[in-house]
>>> print(open('run.pdb').read())   # PDB, C-alpha atoms
ATOM      1  CA  MET A   1       0.000   0.000   0.000
ATOM      2  CA  ARG A   2       1.306   3.459  -0.883
ATOM      3  CA  ALA A   3       2.524   5.475   2.153
ATOM      4  CA  LEU A   4       0.883   8.799   3.017
ATOM      5  CA  PHE A   5       3.348  11.714   2.511
ATOM      6  CA  VAL A   6       3.381  14.105   5.466
ATOM      7  CA  PRO A   7       4.944  17.518   4.691
ATOM      8  CA  THR A   8       7.539  18.893   7.111
ATOM      9  CA  ASN A   9       7.097  22.630   6.402
ATOM     10  CA  TYR A  10       4.920  24.125   9.174
ATOM     11  CA  PHE A  11       2.738  26.287   6.930
ATOM     12  CA  THR A  12       2.319  23.511   4.400
ATOM     13  CA  SER A  13       1.550  21.117   7.246
ATOM     14  CA  PHE A  14      -1.130  23.492   8.521
ATOM     15  CA  LEU A  15      -2.764  23.684   5.112
ATOM     16  CA  PHE A  16      -2.617  19.924   4.711
ATOM     17  CA  THR A  17      -4.236  19.330   8.115
ATOM     18  CA  ALA A  18      -6.952  21.905   7.415
ATOM     19  CA  GLY A  19      -7.663  20.229   4.092
ATOM     20  CA  LEU A  20      -8.041  16.855   5.775
ATOM     21  CA  LEU A  21     -10.472  18.319   8.313
ATOM     22  CA  LEU A  22     -12.505  19.990   5.535
ATOM     23  CA  LEU A  23     -12.598  16.769   3.533
ATOM     24  CA  SER A  24     -13.688  14.848   6.612
ATOM     25  CA  ALA A  25     -16.450  17.367   7.315
ATOM     26  CA  CYS A  26     -17.704  17.185   3.711
ATOM     27  CA  GLN A  27     -17.727  13.395   3.790
ATOM     28  CA  SER A  28     -19.585  13.469   7.124
ATOM     29  CA  GLY A  29     -22.168  15.877   5.678
ATOM     30  CA  GLN A  30     -22.617  13.697   2.624
ATOM     31  CA  GLN A  31     -23.113  10.648   4.853
ATOM     32  CA  ASP A  32     -25.723  12.520   6.910
ATOM     33  CA  LYS A  33     -27.588  13.534   3.747
ATOM     34  CA  LEU A  34     -27.364   9.993   2.397
ATOM     35  CA  SER A  35     -28.662   8.595   5.683
ATOM     36  CA  GLN A  36     -31.579  11.043   5.660
ATOM     37  CA  SER A  37     -32.332  10.213   2.020
ATOM     38  CA  ASN A  38     -32.317   6.476   2.702
ATOM     39  CA  GLN A  39     -34.554   6.951   5.729
ATOM     40  CA  THR A  40     -37.055   8.968   3.661
ATOM     41  CA  ALA A  41     -36.991   6.367   0.880
ATOM     42  CA  GLN A  42     -37.617   3.581   3.381
ATOM     43  CA  THR A  43     -40.347   5.255   5.403
ATOM     44  CA  GLY A  44     -42.019   7.435   2.741
ATOM     45  CA  SER A  45     -44.961   9.664   3.578
ATOM     46  CA  PRO A  46     -47.316   8.204   6.195
ATOM     47  CA  THR A  47     -50.671   6.756   5.131
ATOM     48  CA  VAL A  48     -53.558   8.930   6.323
ATOM     49  CA  LEU A  49     -56.473   6.924   4.878
ATOM     50  CA  ARG A  50     -56.755   3.206   4.165
ATOM     51  CA  ILE A  51     -59.955   1.773   2.734
ATOM     52  CA  ALA A  52     -60.948  -1.708   1.549
ATOM     53  CA  MET A  53     -63.454  -2.071  -1.292
ATOM     54  CA  LEU A  54     -65.862  -5.007  -1.652
ATOM     55  CA  GLY A  55     -67.581  -5.578  -4.983
ATOM     56  CA  ASP A  56     -70.829  -7.190  -6.092
ATOM     57  CA  ALA A  57     -71.760 -10.499  -4.482
ATOM     58  CA  GLU A  58     -75.386 -11.466  -5.401
ATOM     59  CA  PRO A  59     -74.650 -15.205  -5.626
ATOM     60  CA  LYS A  60     -77.001 -17.443  -7.562
ATOM     61  CA  PRO A  61     -78.734 -19.793  -7.568
ATOM     62  CA  LEU A  62     -77.928 -20.433  -3.879
ATOM     63  CA  ALA A  63     -77.692 -17.824  -1.129
ATOM     64  CA  GLU A  64     -74.126 -18.773  -0.295
ATOM     65  CA  PHE A  65     -71.253 -16.298   0.055
ATOM     66  CA  PRO A  66     -68.042 -18.346   0.320
ATOM     67  CA  ASN A  67     -65.805 -15.850  -1.477
ATOM     68  CA  MET A  68     -67.204 -12.833   0.336
ATOM     69  CA  ALA A  69     -66.743 -14.686   3.612
ATOM     70  CA  ALA A  70     -63.110 -15.435   2.756
ATOM     71  CA  ALA A  71     -62.542 -11.815   1.680
ATOM     72  CA  ILE A  72     -63.964 -10.561   4.993
ATOM     73  CA  THR A  73     -61.688 -12.896   6.931
ATOM     74  CA  GLN A  74     -58.703 -11.630   4.959
ATOM     75  CA  ILE A  75     -59.681  -7.974   5.402
ATOM     76  CA  ASN A  76     -59.922  -8.552   9.156
ATOM     77  CA  GLU A  77     -56.447 -10.100   9.132
ATOM     78  CA  LEU A  78     -55.017  -7.151   7.193
ATOM     79  CA  HIS A  79     -56.845  -4.794   9.552
ATOM     80  CA  GLY A  80     -54.992  -6.399  12.462
ATOM     81  CA  ILE A  81     -51.656  -5.647  10.806
ATOM     82  CA  GLU A  82     -52.441  -2.148   9.528
ATOM     83  CA  PRO A  83     -55.901  -0.818  10.372
ATOM     84  CA  PHE A  84     -58.439   0.204   7.753
ATOM     85  CA  ASP A  85     -60.424   3.382   8.267
ATOM     86  CA  PHE A  86     -63.440   1.619   6.791
ATOM     87  CA  VAL A  87     -64.660  -0.826   4.157
ATOM     88  CA  MET A  88     -66.984   0.279   1.364
ATOM     89  CA  GLY A  89     -69.521  -1.768  -0.570
ATOM     90  CA  VAL A  90     -70.550  -0.799  -4.109
ATOM     91  CA  GLY A  91     -73.954  -2.513  -4.074
ATOM     92  CA  ASP A  92     -75.508  -5.761  -5.326
ATOM     93  CA  ILE A  93     -74.928  -7.793  -2.195
ATOM     94  CA  ALA A  94     -78.305  -9.548  -2.083
ATOM     95  CA  HIS A  95     -79.496 -11.110  -5.355
ATOM     96  CA  LYS A  96     -82.987  -9.746  -6.124
ATOM     97  CA  GLY A  97     -83.029  -8.310  -2.608
ATOM     98  CA  THR A  98     -84.422 -11.538  -1.145
ATOM     99  CA  LEU A  99     -84.610 -12.142   2.591
ATOM    100  CA  ILE A 100     -82.599 -15.346   2.372
ATOM    101  CA  GLN A 101     -79.769 -13.501   0.623
ATOM    102  CA  TYR A 102     -79.836 -10.609   3.083
ATOM    103  CA  GLU A 103     -79.760 -13.008   6.036
ATOM    104  CA  ALA A 104     -76.840 -15.029   4.658
ATOM    105  CA  ALA A 105     -74.894 -11.894   3.729
ATOM    106  CA  THR A 106     -75.529 -10.315   7.130
ATOM    107  CA  ALA A 107     -74.036 -13.321   8.899
ATOM    108  CA  GLU A 108     -70.768 -12.512   7.128
ATOM    109  CA  LEU A 109     -70.838  -8.703   6.994
ATOM    110  CA  THR A 110     -71.358  -8.396  10.751
ATOM    111  CA  ARG A 111     -67.976 -10.145  11.158
ATOM    112  CA  LEU A 112     -66.198  -7.176   9.569
ATOM    113  CA  GLU A 113     -63.996  -5.466  12.131
ATOM    114  CA  PRO A 114     -63.655  -2.099  10.324
ATOM    115  CA  ALA A 115     -66.809  -0.037   9.795
ATOM    116  CA  PHE A 116     -68.752  -0.939   6.639
ATOM    117  CA  TYR A 117     -70.315   1.742   4.425
ATOM    118  CA  PRO A 118     -72.523   0.293   1.640
ATOM    119  CA  ILE A 119     -74.841   1.517  -1.086
ATOM    120  CA  MET A 120     -77.675  -0.193  -2.915
ATOM    121  CA  GLY A 121     -77.275  -1.726  -6.348
ATOM    122  CA  ASN A 122     -79.822  -2.754  -8.948
ATOM    123  CA  GLU A 123     -80.293  -6.099  -7.150
ATOM    124  CA  GLU A 124     -81.366  -4.446  -3.890
ATOM    125  CA  ARG A 125     -83.637  -2.202  -5.960
ATOM    126  CA  GLU A 126     -85.637  -5.292  -6.957
ATOM    127  CA  SER A 127     -86.938  -5.267  -3.391
ATOM    128  CA  THR A 128     -87.671  -2.288  -1.131
ATOM    129  CA  VAL A 129     -85.588   0.524   0.294
ATOM    130  CA  GLU A 130     -87.022  -0.311   3.724
ATOM    131  CA  ARG A 131     -85.682  -3.861   3.543
ATOM    132  CA  TYR A 132     -82.237  -2.639   2.448
ATOM    133  CA  LEU A 133     -82.048  -0.081   5.270
ATOM    134  CA  GLU A 134     -83.169  -2.658   7.823
ATOM    135  CA  TYR A 135     -80.170  -4.823   7.003
ATOM    136  CA  ALA A 136     -77.733  -1.985   6.271
ATOM    137  CA  GLY A 137     -78.447  -0.772   9.801
ATOM    138  CA  GLN A 138     -77.267  -4.151  11.083
ATOM    139  CA  TRP A 139     -74.048  -3.812   9.100
ATOM    140  CA  ASN A 140     -73.451  -0.257  10.347
ATOM    141  CA  LEU A 141     -75.711   1.714  12.700
ATOM    142  CA  GLU A 142     -74.632   4.948  11.001
ATOM    143  CA  VAL A 143     -76.218   3.960   7.685
ATOM    144  CA  THR A 144     -79.786   5.252   7.876
ATOM    145  CA  GLU A 145     -80.169   6.679   4.347
ATOM    146  CA  THR A 146     -79.555   5.443   0.823
ATOM    147  CA  ARG A 147     -77.375   8.502   0.098
ATOM    148  CA  TYR A 148     -74.912  10.072   2.514
ATOM    149  CA  VAL A 149     -71.549  11.839   2.849
ATOM    150  CA  HIS A 150     -68.597  10.516   4.836
ATOM    151  CA  GLU A 151     -66.156  13.403   5.215
ATOM    152  CA  HIS A 152     -62.501  13.443   6.222
ATOM    153  CA  GLU A 153     -60.077  16.307   6.736
ATOM    154  CA  LYS A 154     -58.734  16.448   3.175
ATOM    155  CA  VAL A 155     -61.160  14.321   1.167
ATOM    156  CA  ALA A 156     -64.868  13.462   1.197
ATOM    157  CA  PHE A 157     -66.720  10.301   0.182
ATOM    158  CA  VAL A 158     -70.169  10.670  -1.377
ATOM    159  CA  PHE A 159     -72.164   7.428  -1.291
ATOM    160  CA  ALA A 160     -75.105   7.489  -3.687
ATOM    161  CA  SER A 161     -77.483   4.567  -4.213
ATOM    162  CA  PRO A 162     -79.391   4.508  -7.512
ATOM    163  CA  ASP A 163     -83.023   5.615  -7.680
ATOM    164  CA  GLU A 164     -84.124   2.781  -9.981
ATOM    165  CA  GLY A 165     -82.098  -0.148 -11.214
ATOM    166  CA  ARG A 166     -78.600   1.279 -11.527
ATOM    167  CA  ASP A 167     -79.784   4.701 -12.715
ATOM    168  CA  PHE A 168     -80.657   8.072 -11.173
ATOM    169  CA  TYR A 169     -83.692  10.255 -11.551
ATOM    170  CA  ASP A 170     -83.018  13.979 -11.846
ATOM    171  CA  GLU A 171     -83.618  14.397  -8.119
ATOM    172  CA  GLY A 172     -80.943  11.849  -7.243
ATOM    173  CA  ALA A 173     -78.467  13.213  -9.769
ATOM    174  CA  ALA A 174     -79.077  16.738  -8.460
ATOM    175  CA  TRP A 175     -78.382  15.542  -4.905
ATOM    176  CA  VAL A 176     -75.021  14.142  -6.010
ATOM    177  CA  ARG A 177     -74.216  17.360  -7.887
ATOM    178  CA  ASP A 178     -75.108  19.497  -4.881
ATOM    179  CA  GLN A 179     -72.903  17.480  -2.529
ATOM    180  CA  VAL A 180     -69.905  17.612  -4.859
ATOM    181  CA  GLU A 181     -70.309  21.359  -5.355
ATOM    182  CA  ALA A 182     -70.808  22.053  -1.634
ATOM    183  CA  LEU A 183     -67.631  20.136  -0.783
ATOM    184  CA  ALA A 184     -65.452  22.041  -3.284
ATOM    185  CA  PRO A 185     -62.540  22.569  -3.430
ATOM    186  CA  LYS A 186     -62.065  19.428  -1.338
ATOM    187  CA  PRO A 187     -61.588  16.382  -3.599
ATOM    188  CA  VAL A 188     -64.580  14.049  -3.698
ATOM    189  CA  ILE A 189     -64.567  10.274  -4.073
ATOM    190  CA  LEU A 190     -67.964   9.277  -5.460
ATOM    191  CA  VAL A 191     -69.222   5.760  -4.769
ATOM    192  CA  VAL A 192     -72.007   4.715  -7.143
ATOM    193  CA  HIS A 193     -73.102   1.286  -8.288
ATOM    194  CA  GLY A 194     -72.496   1.797 -12.001
ATOM    195  CA  ALA A 195     -70.563   4.452 -13.885
ATOM    196  CA  GLN A 196     -72.186   6.556 -16.578
ATOM    197  CA  VAL A 197     -72.795   4.758 -19.888
ATOM    198  CA  GLY A 198     -69.709   4.712 -22.079
ATOM    199  CA  ALA A 199     -67.223   4.973 -19.216
ATOM    200  CA  TYR A 200     -66.180   1.344 -19.650
ATOM    201  CA  PRO A 201     -66.044   0.251 -23.299
ATOM    202  CA  GLU A 202     -66.144  -3.379 -22.146
ATOM    203  CA  ASN A 203     -69.921  -2.816 -21.816
ATOM    204  CA  PRO A 204     -70.571   0.765 -22.962
ATOM    205  CA  ASP A 205     -74.385   0.557 -22.895
ATOM    206  CA  LYS A 206     -74.652  -0.458 -19.244
ATOM    207  CA  GLY A 207     -74.651   2.198 -16.542
ATOM    208  CA  ILE A 208     -76.109   5.554 -15.585
ATOM    209  CA  THR A 209     -78.070   7.135 -18.441
ATOM    210  CA  ASN A 210     -79.400  10.204 -16.620
ATOM    211  CA  GLU A 211     -78.529  13.304 -18.640
ATOM    212  CA  LEU A 212     -78.301  15.605 -15.639
ATOM    213  CA  PHE A 213     -75.738  13.251 -14.085
ATOM    214  CA  ALA A 214     -73.691  13.244 -17.296
ATOM    215  CA  ARG A 215     -73.954  17.012 -17.691
ATOM    216  CA  GLU A 216     -73.616  18.293 -14.123
ATOM    217  CA  VAL A 217     -71.862  15.594 -12.097
ATOM    218  CA  VAL A 218     -69.360  14.100 -14.517
ATOM    219  CA  GLY A 219     -66.547  16.560 -15.078
ATOM    220  CA  GLN A 220     -66.983  18.515 -11.842
ATOM    221  CA  PRO A 221     -63.504  19.951 -11.118
ATOM    222  CA  ASN A 222     -63.287  18.407  -7.640
ATOM    223  CA  LEU A 223     -64.733  15.003  -8.628
ATOM    224  CA  ALA A 224     -61.425  13.226  -8.110
ATOM    225  CA  VAL A 225     -62.441   9.546  -8.112
ATOM    226  CA  MET A 226     -65.461   7.482  -9.134
ATOM    227  CA  ILE A 227     -65.666   3.995  -7.627
ATOM    228  CA  THR A 228     -68.103   1.522  -9.179
ATOM    229  CA  GLY A 229     -68.932  -2.164  -9.454
ATOM    230  CA  ASP A 230     -71.897  -3.552 -11.441
ATOM    231  CA  LEU A 231     -70.003  -4.946 -14.442
ATOM    232  CA  HIS A 232     -68.325  -7.922 -12.684
ATOM    233  CA  MET A 233     -65.220  -7.511 -14.853
ATOM    234  CA  ASP A 234     -62.265  -9.891 -14.898
ATOM    235  CA  MET A 235     -59.471  -7.600 -13.709
ATOM    236  CA  GLU A 236     -56.824  -9.448 -15.707
ATOM    237  CA  ARG A 237     -58.605  -8.930 -19.034
ATOM    238  CA  VAL A 238     -60.017  -5.388 -18.854
ATOM    239  CA  VAL A 239     -58.918  -1.815 -18.211
ATOM    240  CA  HIS A 240     -60.006  -1.692 -14.579
ATOM    241  CA  SER A 241     -58.541   1.700 -13.561
ATOM    242  CA  LYS A 242     -58.061   4.831 -15.648
ATOM    243  CA  GLU A 243     -58.266   8.591 -15.777
ATOM    244  CA  VAL A 244     -61.083  10.183 -17.770
ATOM    245  CA  GLY A 245     -60.860  13.978 -17.813
ATOM    246  CA  ASN A 246     -59.930  14.988 -14.278
ATOM    247  CA  THR A 247     -61.507  11.913 -12.642
ATOM    248  CA  HIS A 248     -59.942   8.539 -11.865
ATOM    249  CA  TYR A 249     -62.275   5.588 -12.437
ATOM    250  CA  LEU A 250     -61.812   2.476 -10.303
ATOM    251  CA  HIS A 251     -63.689  -0.761 -10.927
ATOM    252  CA  VAL A 252     -64.300  -3.081  -7.978
ATOM    253  CA  PRO A 253     -64.665  -6.677  -9.228
ATOM    254  CA  GLY A 254     -67.542  -8.954  -8.303
ATOM    255  CA  VAL A 255     -66.433 -11.154  -5.444
ATOM    256  CA  GLU A 256     -68.739 -14.107  -6.205
ATOM    257  CA  ARG A 257     -69.148 -13.992  -9.994
ATOM    258  CA  THR A 258     -67.367 -12.645 -13.094
ATOM    259  CA  LYS A 259     -69.331 -11.691 -16.226
ATOM    260  CA  ILE A 260     -67.056  -9.594 -18.489
ATOM    261  CA  PRO A 261     -65.535 -10.338 -20.914
ATOM    262  CA  ASP A 262     -67.101 -13.748 -20.185
ATOM    263  CA  GLU A 263     -67.786 -16.137 -17.304
ATOM    264  CA  THR A 264     -65.016 -18.629 -18.070
ATOM    265  CA  ASN A 265     -62.635 -17.348 -15.408
ATOM    266  CA  HIS A 266     -63.526 -16.096 -11.949
ATOM    267  CA  THR A 267     -60.938 -15.079  -9.365
ATOM    268  CA  PRO A 268     -62.506 -13.501  -6.265
ATOM    269  CA  MET A 269     -60.782 -10.221  -5.474
ATOM    270  CA  PHE A 270     -61.116  -7.078  -3.405
ATOM    271  CA  ARG A 271     -59.299  -3.762  -3.637
ATOM    272  CA  VAL A 272     -57.512  -1.516  -1.141
ATOM    273  CA  MET A 273     -56.970   2.230  -1.468
ATOM    274  CA  GLU A 274     -54.215   3.977   0.484
ATOM    275  CA  ILE A 275     -53.767   7.766   0.510
ATOM    276  CA  ASP A 276     -50.622   9.232   2.035
ATOM    277  CA  ALA A 277     -50.052  12.644   3.611
ATOM    278  CA  ASN A 278     -48.979  14.111   0.265
ATOM    279  CA  GLY A 279     -52.061  12.831  -1.567
ATOM    280  CA  LEU A 280     -50.294   9.966  -3.326
ATOM    281  CA  THR A 281     -53.023   7.373  -3.816
ATOM    282  CA  LYS A 282     -52.196   3.709  -4.325
ATOM    283  CA  VAL A 283     -54.796   1.119  -5.244
ATOM    284  CA  HIS A 284     -53.928  -2.518  -4.600
ATOM    285  CA  THR A 285     -55.875  -5.578  -5.728
ATOM    286  CA  TYR A 286     -55.853  -8.743  -3.619
ATOM    287  CA  ALA A 287     -56.903 -12.136  -4.887
ATOM    288  CA  VAL A 288     -58.770 -13.741  -2.004
ATOM    289  CA  GLY A 289     -56.428 -16.069  -0.145
ATOM    290  CA  GLN A 290     -53.220 -14.445  -1.391
ATOM    291  CA  SER A 291     -51.262 -12.492   1.218
ATOM    292  CA  GLU A 292     -49.754  -9.970  -1.197
ATOM    293  CA  PRO A 293     -51.568  -7.821  -3.779
ATOM    294  CA  ARG A 294     -51.074  -8.499  -7.463
ATOM    295  CA  THR A 295     -48.540  -6.013  -8.769
ATOM    296  CA  SER A 296     -49.956  -6.305 -12.299
ATOM    297  CA  LEU A 297     -53.263  -4.873 -11.060
ATOM    298  CA  SER A 298     -51.898  -1.925  -9.090
ATOM    299  CA  TYR A 299     -52.781   1.678  -9.899
ATOM    300  CA  SER A 300     -51.541   4.930  -8.417
ATOM    301  CA  PHE A 301     -52.086   8.652  -8.880
ATOM    302  CA  ALA A 302     -51.776  12.000  -7.145
ATOM    303  CA  MET A 303     -55.131  12.822  -5.568
ATOM    304  CA  PRO A 304     -56.406  15.884  -7.472
ATOM    305  CA  GLY A 305     -56.929  18.919  -5.275
ATOM    306  CA  TRP A 306     -55.151  17.447  -2.248
TER     307      TRP A 306
END
>>> encode(input="run.pdb", output="structure tokens")
Amino acid sequence: MRALFVPTNYFTSFLFTAGLLLLSACQSGQQDKLSQSNQTAQTGSPTVLRIAMLGDAEPKPLAEFPNMAAAITQINELHGIEPFDFVMGVGDIAHKGTLIQYEAATAELTRLEPAFYPIMGNEERESTVERYLEYAGQWNLEVTETRYVHEHEKVAFVFASPDEGRDFYDEGAAWVRDQVEALAPKPVILVVHGAQVGAYPENPDKGITNELFAREVVGQPNLAVMITGDLHMDMERVVHSKEVGNTHYLHVPGVERTKIPDETNHTPMFRVMEIDANGLTKVHTYAVGQSEPRTSLSYSFAMPGW
């Protein structure tokens, strides 16, 4: 190894020593910055909201919910590791809104450890609002209406059940519009059973046809996210998450049955949304029974207006 040359001249020696001290200080500063950078990269920005999303169930012909039951068990397990703020349901839990379906579903949904916030779908609309609210009140005592707002510090969730089938009348569409406008500029996450017609080309004719909804809800500047189910799409074979205008569209797959593009392959899944302190939103998709989300089905974006 090459020996270090130490100068004998006093002035030169002073300069040499000072240089070594300066170099050492610079290296120490660089190490501190590197350590801070690594710590930031490892920890990231803390999650401020974590929500699980359950899709359509409506099993047929039997009132059995094996996949929803397994998803609930898994959500509870994940909740024990990192708590969820709540779980949302996008409608169509009880096929044709029958009592036997509601009873079987309730036996599972009351096992959920996080709070559950549902809406009606077209299946529940085949029975009565009174029957839906009777059971929704067993799932969550806070749910006393078919439409409601669940507000947080930096974002608000608007839950809006359809007025008939999967569609809105003008009164229902106007209610949604009014809530979104009143919450501005806070970003709104709208939970409806089906998106407006044309939003998903996989079945462009199925969805909300109300013109007031299309004209005065869609495209609202603070409508950040629209979460829907209804189509029972196979996540591996469709475009399940996308940005249309200033709104991010998220499909929640049917947990008991798949319909689109066909019924040949069904993998029960649920989704998880995480929003960090900077508004970075990550959406993960879990296949029921698998401990890690599928990276191929992930989606992320900066929450508009955060």
>>> resolve_selection(input="run.pdb", expression="the PyMOL selection byres ((chain A and resi 179-181) around 10)", output="JSON, numbers by chain")
{"A": [148, 149, 156, 157, 158, 174, 175, 176, 177, 178, 182, 183, 184, 185, 186, 187, 188, 189, 190, 216, 217, 220, 221, 222, 223]}
>>> resolve_selection(input="run.pdb", expression="the PyMOL selection byres ((chain A and resi 76) around 12)", output="PyMOL selection string")
chain A and resi 52+69-75+77-87+108-116
>>> write_last_selection(input="run.pdb", atoms="C-alpha atoms", output="PDB file, in the frame of the given file")
ATOM      1  CA  ALA A  52     -60.948  -1.708   1.549  1.00  0.00           C
ATOM      2  CA  ALA A  69     -66.743 -14.686   3.612  1.00  0.00           C
ATOM      3  CA  ALA A  70     -63.110 -15.435   2.756  1.00  0.00           C
ATOM      4  CA  ALA A  71     -62.542 -11.815   1.680  1.00  0.00           C
ATOM      5  CA  ILE A  72     -63.964 -10.561   4.993  1.00  0.00           C
ATOM      6  CA  THR A  73     -61.688 -12.896   6.931  1.00  0.00           C
ATOM      7  CA  GLN A  74     -58.703 -11.630   4.959  1.00  0.00           C
ATOM      8  CA  ILE A  75     -59.681  -7.974   5.402  1.00  0.00           C
ATOM      9  CA  GLU A  77     -56.447 -10.100   9.132  1.00  0.00           C
ATOM     10  CA  LEU A  78     -55.017  -7.151   7.193  1.00  0.00           C
ATOM     11  CA  HIS A  79     -56.845  -4.794   9.552  1.00  0.00           C
ATOM     12  CA  GLY A  80     -54.992  -6.399  12.462  1.00  0.00           C
ATOM     13  CA  ILE A  81     -51.656  -5.647  10.806  1.00  0.00           C
ATOM     14  CA  GLU A  82     -52.441  -2.148   9.528  1.00  0.00           C
ATOM     15  CA  PRO A  83     -55.901  -0.818  10.372  1.00  0.00           C
ATOM     16  CA  PHE A  84     -58.439   0.204   7.753  1.00  0.00           C
ATOM     17  CA  ASP A  85     -60.424   3.382   8.267  1.00  0.00           C
ATOM     18  CA  PHE A  86     -63.440   1.619   6.791  1.00  0.00           C
ATOM     19  CA  VAL A  87     -64.660  -0.826   4.157  1.00  0.00           C
ATOM     20  CA  GLU A 108     -70.768 -12.512   7.128  1.00  0.00           C
ATOM     21  CA  LEU A 109     -70.838  -8.703   6.994  1.00  0.00           C
ATOM     22  CA  THR A 110     -71.358  -8.396  10.751  1.00  0.00           C
ATOM     23  CA  ARG A 111     -67.976 -10.145  11.158  1.00  0.00           C
ATOM     24  CA  LEU A 112     -66.198  -7.176   9.569  1.00  0.00           C
ATOM     25  CA  GLU A 113     -63.996  -5.466  12.131  1.00  0.00           C
ATOM     26  CA  PRO A 114     -63.655  -2.099  10.324  1.00  0.00           C
ATOM     27  CA  ALA A 115     -66.809  -0.037   9.795  1.00  0.00           C
ATOM     28  CA  PHE A 116     -68.752  -0.939   6.639  1.00  0.00           C
TER      29      PHE A 116
END
>>> resolve_selection(input="run.pdb", expression="the PyMOL selection byres ((chain A and resi 234-242) around 10)", output="JSON, numbers by chain")
{"A": [199, 200, 201, 202, 225, 227, 231, 232, 233, 243, 244, 245, 247, 248, 249, 250, 251, 252, 253, 254, 257, 258, 259, 260, 261, 262, 263, 264, 265, 266, 267, 268, 269, 283, 285, 296, 297, 298, 299, 300, 301]}
>>> closest_residue(input="run.pdb", among="A:Arg294, A:Ala302, A:Val48, A:Gly279", to="His152 in chain A", atoms="all atoms listed in the file")
A:Val48
>>> closest_residue(input="run.pdb", among="A:Val192, A:Asp167, A:Phe270, A:Glu58", to="Tyr286 in chain A", atoms="all atoms listed in the file")
A:Phe270
>>> closest_residue(input="run.pdb", among="A:Gly97, A:Gly44, A:Gly219, A:Gly89", to="Pro59 in chain A", atoms="only C-alpha atoms")
A:Gly97
>>> residues_near_point(input="run.pdb", point="(-82.9, -1.7, 4.0)", cutoff="12 Å", atoms="only C-alpha atoms", output="MDAnalysis selection string")
chainID A and resid 93:94 97:99 102:103 106 118:121 124:141 143:146 161
>>> atom_distance(input="run.pdb", atom1="CA of Leu54 in chain A", atom2="CA of Val255 in chain A")
7.2 Å
>>> atom_distance(input="run.pdb", atom1="CA of Gly165 in chain A", atom2="CA of Glu123 in chain A")
7.4 Å
>>> atom_distance(input="run.pdb", atom1="CA of Met303 in chain A", atom2="CA of Ala195 in chain A")
19.4 Å
>>> closest_residue(input="run.pdb", among="A:Met53, A:Glu256, A:Lys154, A:Thr47", to="His95 in chain A", atoms="only C-alpha atoms")
A:Glu256
>>> decode(input="run.pdb", residues="range 199-220 of chain A", atoms="C-alpha atoms", output="short mmCIF file (atom, residue, chain, number, x, y, z; two decimals), in the first residue's frame")
data_model
loop_
_atom_site.label_atom_id
_atom_site.label_comp_id
_atom_site.auth_asym_id
_atom_site.auth_seq_id
_atom_site.Cartn_x
_atom_site.Cartn_y
_atom_site.Cartn_z
CA ALA A 199 -67.22 4.97 -19.22
CA TYR A 200 -66.18 1.34 -19.65
CA PRO A 201 -66.04 0.25 -23.30
CA GLU A 202 -66.14 -3.38 -22.15
CA ASN A 203 -69.92 -2.82 -21.82
CA PRO A 204 -70.57 0.77 -22.96
CA ASP A 205 -74.39 0.56 -22.90
CA LYS A 206 -74.65 -0.46 -19.24
CA GLY A 207 -74.65 2.20 -16.54
CA ILE A 208 -76.11 5.55 -15.59
CA THR A 209 -78.07 7.13 -18.44
CA ASN A 210 -79.40 10.20 -16.62
CA GLU A 211 -78.53 13.30 -18.64
CA LEU A 212 -78.30 15.60 -15.64
CA PHE A 213 -75.74 13.25 -14.08
CA ALA A 214 -73.69 13.24 -17.30
CA ARG A 215 -73.95 17.01 -17.69
CA GLU A 216 -73.62 18.29 -14.12
CA VAL A 217 -71.86 15.59 -12.10
CA VAL A 218 -69.36 14.10 -14.52
CA GLY A 219 -66.55 16.56 -15.08
CA GLN A 220 -66.98 18.52 -11.84
#
